[in-house]
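**Student:** The following file, entry10.txt, comprises compact mmCIF, C-alpha atoms:
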# COMPACT_ATOMS: atom_id res chain seq x y z
CA VAL A 25 -17.35 4.24 -19.25
CA THR A 26 -20.74 5.59 -20.30
CA ALA A 27 -22.52 3.47 -17.66
CA PHE A 28 -19.92 4.52 -15.10
CA ASP A 29 -20.52 8.21 -15.83
CA ALA A 30 -24.30 7.73 -15.73
CA VAL A 31 -24.05 6.47 -12.14
CA PHE A 32 -22.11 9.55 -11.05
CA ASP A 33 -24.32 11.89 -13.09
CA SER A 34 -27.35 10.62 -11.17
CA ASN A 35 -25.57 10.81 -7.77
CA SER A 36 -24.05 14.28 -7.68
CA LYS A 37 -23.08 14.09 -4.00
CA PHE A 38 -20.28 11.70 -5.04
CA GLU A 39 -18.97 13.93 -7.84
CA GLU A 40 -15.66 14.72 -6.11
CA LEU A 41 -14.89 10.99 -6.08
CA ARG A 42 -15.73 10.34 -9.75
CA GLU A 43 -12.15 10.34 -11.03
CA VAL A 44 -10.82 8.35 -8.05
CA TYR A 45 -13.41 5.68 -8.80
CA PHE A 46 -12.41 5.86 -12.45
CA ASP A 47 -8.87 5.03 -11.32
CA LEU A 48 -10.24 2.00 -9.45
CA LEU A 49 -12.16 0.92 -12.55
CA MET A 50 -8.94 1.09 -14.57
CA VAL A 51 -6.95 -0.80 -11.92
CA ASN A 52 -9.59 -3.51 -11.92
CA PHE A 53 -9.33 -3.69 -15.70
CA PHE A 54 -5.53 -3.98 -15.60
CA SER A 55 -5.63 -6.48 -12.73
CA SER A 56 -8.16 -8.92 -14.07
CA ASP A 57 -9.97 -8.05 -17.29
CA VAL A 58 -6.90 -7.40 -19.43
CA GLN A 59 -5.60 -10.90 -18.67
CA LYS A 60 -8.71 -12.37 -20.32
CA LEU A 61 -8.03 -10.51 -23.56
CA GLU A 62 -5.64 -11.34 -26.35
CA GLU A 63 -1.96 -10.97 -25.51
CA ASP A 64 -1.46 -7.99 -27.82
CA TYR A 65 -4.70 -6.19 -26.88
CA LEU A 66 -2.88 -3.22 -25.33
CA GLU A 67 -1.24 -2.63 -28.73
CA SER A 68 -4.54 -2.85 -30.64
CA GLU A 69 -6.40 -0.04 -32.39
CA GLU A 70 -9.36 -0.65 -30.06
CA TRP A 71 -7.16 0.01 -27.02
CA ALA A 72 -5.65 3.10 -28.69
CA ASN A 73 -9.20 4.45 -29.13
CA ILE A 74 -10.03 3.75 -25.47
CA GLU A 75 -6.84 5.52 -24.39
CA GLU A 76 -7.68 8.51 -26.58
CA GLU A 77 -11.21 8.75 -25.14
CA THR A 78 -10.03 8.46 -21.53
CA ILE A 79 -6.71 10.35 -21.66
CA ASP A 80 -8.06 13.18 -19.50
CA ARG A 81 -9.83 10.89 -17.04
CA GLY A 82 -8.75 9.69 -13.64
CA THR A 83 -6.07 11.03 -11.34
CA GLU A 84 -2.42 10.41 -10.59
CA LEU A 85 -3.66 7.85 -8.06
CA LEU A 86 -3.86 5.40 -10.97
CA ASN A 87 -0.07 5.53 -11.36
CA LEU A 88 0.45 4.71 -7.69
CA LEU A 89 -2.06 1.85 -7.77
CA LEU A 90 -0.44 0.38 -10.89
CA TYR A 91 2.96 0.74 -9.20
CA ILE A 92 1.65 -1.15 -6.15
CA LYS A 93 0.36 -3.90 -8.46
CA GLU A 94 3.79 -4.10 -10.11
CA CYS A 95 5.46 -4.30 -6.68
CA HIS A 96 3.20 -7.21 -5.75
CA ASP A 97 3.90 -8.94 -9.07
CA GLU A 98 7.66 -8.60 -8.52
CA ASP A 99 7.56 -9.18 -4.74
CA LEU A 100 8.99 -5.72 -3.93
CA ASP A 101 8.21 -3.29 -1.14
CA PRO A 102 6.92 0.07 -2.41
CA GLU A 103 9.45 2.91 -2.04
CA LEU A 104 9.08 6.54 -3.09
CA GLY A 105 12.44 6.71 -4.89
CA ASP A 106 11.65 3.55 -6.85
CA PHE A 107 8.18 4.86 -7.73
CA LEU A 108 9.59 8.13 -9.04
CA LYS A 109 12.73 6.92 -10.78
CA GLU A 110 11.93 3.39 -11.95
CA PHE A 111 8.16 3.47 -12.44
CA LEU A 112 7.47 7.05 -13.53
CA LEU A 113 10.96 7.52 -15.03
CA VAL A 114 11.05 11.17 -13.89
CA GLU A 115 14.79 11.37 -14.57
CA ASP A 116 14.37 10.52 -18.27
CA ASP A 117 14.20 13.49 -20.63
CA GLU A 118 11.23 12.07 -22.53
CA PHE A 119 9.11 11.97 -19.34
CA GLN A 120 9.35 15.63 -18.33
CA ASP A 121 5.56 15.91 -18.00
CA GLU A 122 5.75 13.48 -15.09
CA PHE A 123 8.63 15.45 -13.62
CA GLU A 124 6.53 18.62 -13.59
CA ILE A 125 3.51 16.84 -12.09
CA TYR A 126 5.56 15.15 -9.37
CA GLU A 127 8.12 17.94 -8.82
CA GLU A 128 7.15 18.61 -5.19
CA LEU A 129 7.13 14.88 -4.41
CA ILE A 130 10.61 14.63 -5.94
CA SER A 131 12.08 17.61 -4.13
CA ASN A 132 10.47 16.69 -0.80
CA GLN A 133 11.19 12.96 -0.70
CA GLN A 134 12.59 13.34 2.81
CA LEU A 135 9.01 13.90 4.06
CA ALA A 136 8.34 10.21 3.44
CA GLU A 137 10.73 9.56 6.32
CA SER A 138 9.39 12.23 8.69
CA SER A 139 5.92 12.28 10.27
CA ILE A 140 2.31 12.81 9.26
CA GLU A 141 2.32 16.10 11.13
CA GLU A 142 5.35 17.30 9.14
CA ILE A 143 3.87 16.09 5.83
CA CYS A 144 0.59 17.92 6.49
CA LYS A 145 2.29 21.07 7.75
CA THR A 146 4.74 21.24 4.84
CA SER A 147 2.19 20.43 2.13
CA SER A 148 0.38 23.72 2.70
CA THR A 149 3.59 25.67 1.98
CA LEU A 150 4.44 23.95 -1.31
CA ASN A 151 3.56 24.86 -4.89
CA ILE A 152 2.09 21.46 -5.72
CA SER A 153 0.91 20.78 -9.28
CA GLU A 154 -2.84 20.75 -9.87
CA GLU A 155 -2.71 17.00 -10.62
CA MET A 156 -1.08 16.23 -7.24
CA LYS A 157 -2.65 18.90 -5.01
CA GLU A 158 -5.22 16.59 -3.37
CA LEU A 159 -2.99 13.51 -3.52
CA PHE A 160 0.28 14.83 -2.10
CA VAL A 161 -0.54 14.05 1.55
CA PRO A 162 -1.99 10.55 0.93
CA PHE A 163 0.96 9.65 -1.34
CA MET A 164 3.54 10.79 1.22
CA ALA A 165 1.60 9.13 4.04
CA PHE A 166 1.63 5.87 2.06
CA PHE A 167 5.38 5.99 1.51
CA LEU A 168 5.84 6.80 5.20
CA ASP A 169 3.63 3.88 6.31
CA SER A 170 2.69 1.54 3.46
CA GLU A 171 1.08 -0.98 5.81
CA GLY A 172 -1.71 1.36 6.86
CA SER A 173 -1.53 1.56 10.63
CA ALA A 174 -4.34 2.92 12.78
CA THR A 175 -1.84 5.41 14.21
CA THR A 176 -1.14 6.92 10.80
CA THR A 177 -4.85 7.14 10.04
CA LYS A 178 -5.50 8.91 13.36
CA GLU A 179 -2.64 11.32 12.69
CA LEU A 180 -4.13 12.15 9.28
CA GLU A 181 -7.45 12.83 11.01
CA GLN A 182 -5.62 15.07 13.47
CA PHE A 183 -3.25 17.04 11.21
CA SER A 184 -4.68 17.03 7.68
CA SER A 185 -6.41 20.10 6.29
CA ASN A 186 -8.51 17.80 4.05
CA LYS A 187 -9.25 15.06 6.59
CA PRO A 188 -12.02 13.11 4.78
CA PHE A 189 -10.21 12.90 1.44
CA ASP A 190 -6.70 12.33 2.80
CA THR A 191 -7.83 9.68 5.27
CA ALA A 192 -10.06 7.85 2.78
CA SER A 193 -7.38 7.97 0.06
CA TYR A 194 -4.69 6.70 2.44
CA VAL A 195 -6.90 3.82 3.63
CA LEU A 196 -7.77 2.98 0.01
CA ILE A 197 -4.10 2.93 -1.05
CA THR A 198 -2.93 0.86 1.91
CA THR A 199 -5.84 -1.56 1.57
CA ILE A 200 -4.87 -2.21 -2.04
CA ASN A 201 -1.25 -2.58 -0.97
CA ASN A 202 -2.12 -5.18 1.64
Starting from the file, lay out its structure as structure tokens.
**Tutor:**
Amino acid sequence: VTAFDAVFDSNSKFEELREVYFDLLMVNFFSSDVQKLEEDYLESEEWANIEEETIDRGTELLNLLLYIKECHDEDLDPELGDFLKEFLLVEDDEFQDEFEIYEELISNQQLAESSIEEICKTSSTLNISEEMKELFVPFMAFFLDSEGSATTTKELEQFSSNKPFDTASYVLITTINN
């Protein structure tokens, strides 16, 4: 993590992507590196220390990427309802933090069946949590079109108020999904 931060510290023009890349670093760890470690590593004191040091790092994108990995492992198609209810457990009382973070995603699930134009237009009118503010449009776009079509990408470029981030995030998510 120290080496990772040093790279971003010396390349300030990429600062806004630091935590997204941190998510990718963690996904890589969970996808390949963790399998090389002892079976109970994620229950070890060493892992608990790593979690404590990195608890405030990354973005909610990590949850979506881990969900996509789980879908691939179980041969399932990603679905917004499944992500919210089965993966994040937003309906369980003990996971109310996730409910608050994802509240606008939960109450606007119908957008994942609408259009990119509608997602982009509606997102600007919502009171989206700080953790999801930048990710709301790419998340909804992914659940609308998880395959990553050129049409969806062009529509993001046309309708998004944050074109570079939304388009890049959507392409990243769908590339990992495929």
**Student:** Which residues come within 9 Å of A:Thr198, counting all atoms listed in the file, excluding same-chain residues fewer than 6 positions away, as a CSV table (one decimal) with C-alpha atoms, in the frame of the given file?
**Tutor:**
chain,number,residue,atom,x,y,z
A,166,PHE,CA,1.6,5.9,2.1
A,169,ASP,CA,3.6,3.9,6.3
A,170,SER,CA,2.7,1.5,3.5
A,171,GLU,CA,1.1,-1.0,5.8
A,172,GLY,CA,-1.7,1.4,6.9
A,173,SER,CA,-1.5,1.6,10.6
**Student:** Select all residues near (9.5, 14.3, -5.5) (cut-off 12 Å, inclusive, file coordinates), counting all atoms listed in the file, and output them as a PyMOL selection string.
**Tutor:** chain A and resi 103-109+112-115+122-136+150+152-153+156+160+163-164+167
**Student:** Hey, what's within 12 Å of A:Met50 if we count only C-alpha atoms and toss same-chain stuff fewer than 6 positions away? As a short mmCIF file (atom, residue, chain, number, x, y, z; two decimals) with C-alpha atoms, keeping the file's coordinate frame, please?
**Tutor:**
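Dumped everything to selection_27.cif:
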data_model
loop_
_atom_site.label_atom_id
_atom_site.label_comp_id
_atom_site.auth_asym_id
_atom_site.auth_seq_id
_atom_site.Cartn_x
_atom_site.Cartn_y
_atom_site.Cartn_z
CA VAL A 25 -17.35 4.24 -19.25
CA PHE A 28 -19.92 4.52 -15.10
CA GLU A 43 -12.15 10.34 -11.03
CA VAL A 44 -10.82 8.35 -8.05
CA SER A 56 -8.16 -8.92 -14.07
CA ASP A 57 -9.97 -8.05 -17.29
CA VAL A 58 -6.90 -7.40 -19.43
CA ILE A 74 -10.03 3.75 -25.47
CA GLU A 75 -6.84 5.52 -24.39
CA THR A 78 -10.03 8.46 -21.53
CA ILE A 79 -6.71 10.35 -21.66
CA ARG A 81 -9.83 10.89 -17.04
CA GLY A 82 -8.75 9.69 -13.64
CA THR A 83 -6.07 11.03 -11.34
CA LEU A 85 -3.66 7.85 -8.06
CA LEU A 86 -3.86 5.40 -10.97
CA ASN A 87 -0.07 5.53 -11.36
CA LEU A 89 -2.06 1.85 -7.77
CA LEU A 90 -0.44 0.38 -10.89
#
**Student:** State, in Å with one decimal place, the distance from atom CA of A:Glu98 to atom CA of A:Glu110.
**Tutor:**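 Computing it gives 13.2 Å between the two atoms.
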**Student:** Leaving out A:Ser139 and any residue of its chain fewer than 2 positions from it, which residues lie within 12 Å of it when counting only C-alpha atoms, given as a ChimeraX atom specification?
**Tutor:** /A:134-137,141-146,161,164-169,175-177,179-180,183-184
**Student:** Go ahead and compute the interatomic distance for atom CA of A:Thr26 and atom CA of A:Arg42, in Å to one decimal.
**Tutor:**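 These atoms are spaced 12.6 Å apart.
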**Student:** Enter the distance from atom CA of A:Leu48 to atom CA of A:Ser185, in Å, rounded to one decimal.
**Tutor:**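 Answer for the atom CA of A:Leu48 to atom CA of A:Ser185 separation: 24.3 Å.
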**Student:** Might you pull out every residue within 10 Å of A:Asp101, with all atoms listed in the file counted and same-chain residues fewer than 6 positions away left off, and present them as a JSON list (two decimals) with C-alpha atoms, in the coordinates of the input?
**Tutor:**
[["chain", "number", "residue", "atom", "x", "y", "z"],
["A", 92, "ILE", "CA", 1.65, -1.15, -6.15],
["A", 95, "CYS", "CA", 5.46, -4.30, -6.68],
["A", 170, "SER", "CA", 2.69, 1.54, 3.46],
["A", 201, "ASN", "CA", -1.25, -2.58, -0.97]]
**Student:** Which protein, DNA or RNA residues have an atom at most 10 Å from (-8.2, 11.4, 1.6), counting only C-alpha atoms? List them as a list in words.
**Tutor:**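 Within the cut-off we find Glu158, Leu159, Phe160, Val161, Pro162, Phe163, Leu180, Glu181, Ser184, Asn186, Lys187, Pro188, Phe189, Asp190, Thr191, Ala192, Ser193, Tyr194, Val195, Leu196 and Ile197 of chain A.
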**Student:** Using only C-alpha atoms, which of A:Leu100, A:Glu39, A:Phe46, A:Glu69 sits nearest A:Glu84?
**Tutor:**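 That would be A:Phe46, the residue with the smallest distance to A:Glu84.
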**Student:** Let me make sure I understand: among A:Asn35, A:Ser138, A:Thr149, A:Asn52, which one has the smallest atom-to-atom distance to A:Ile200 if we use only C-alpha atoms?
**Tutor:**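 Of A:Asn35, A:Ser138, A:Thr149, A:Asn52, the one nearest A:Ile200, counting only C-alpha atoms, is A:Asn52.
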**Student:** Using only C-alpha atoms, which of A:Tyr91, A:Asp29, A:Ser34, A:Ala72 sits nearest A:Ser55?
**Tutor:**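 For A:Ser55, the nearest of the given residues is A:Tyr91.
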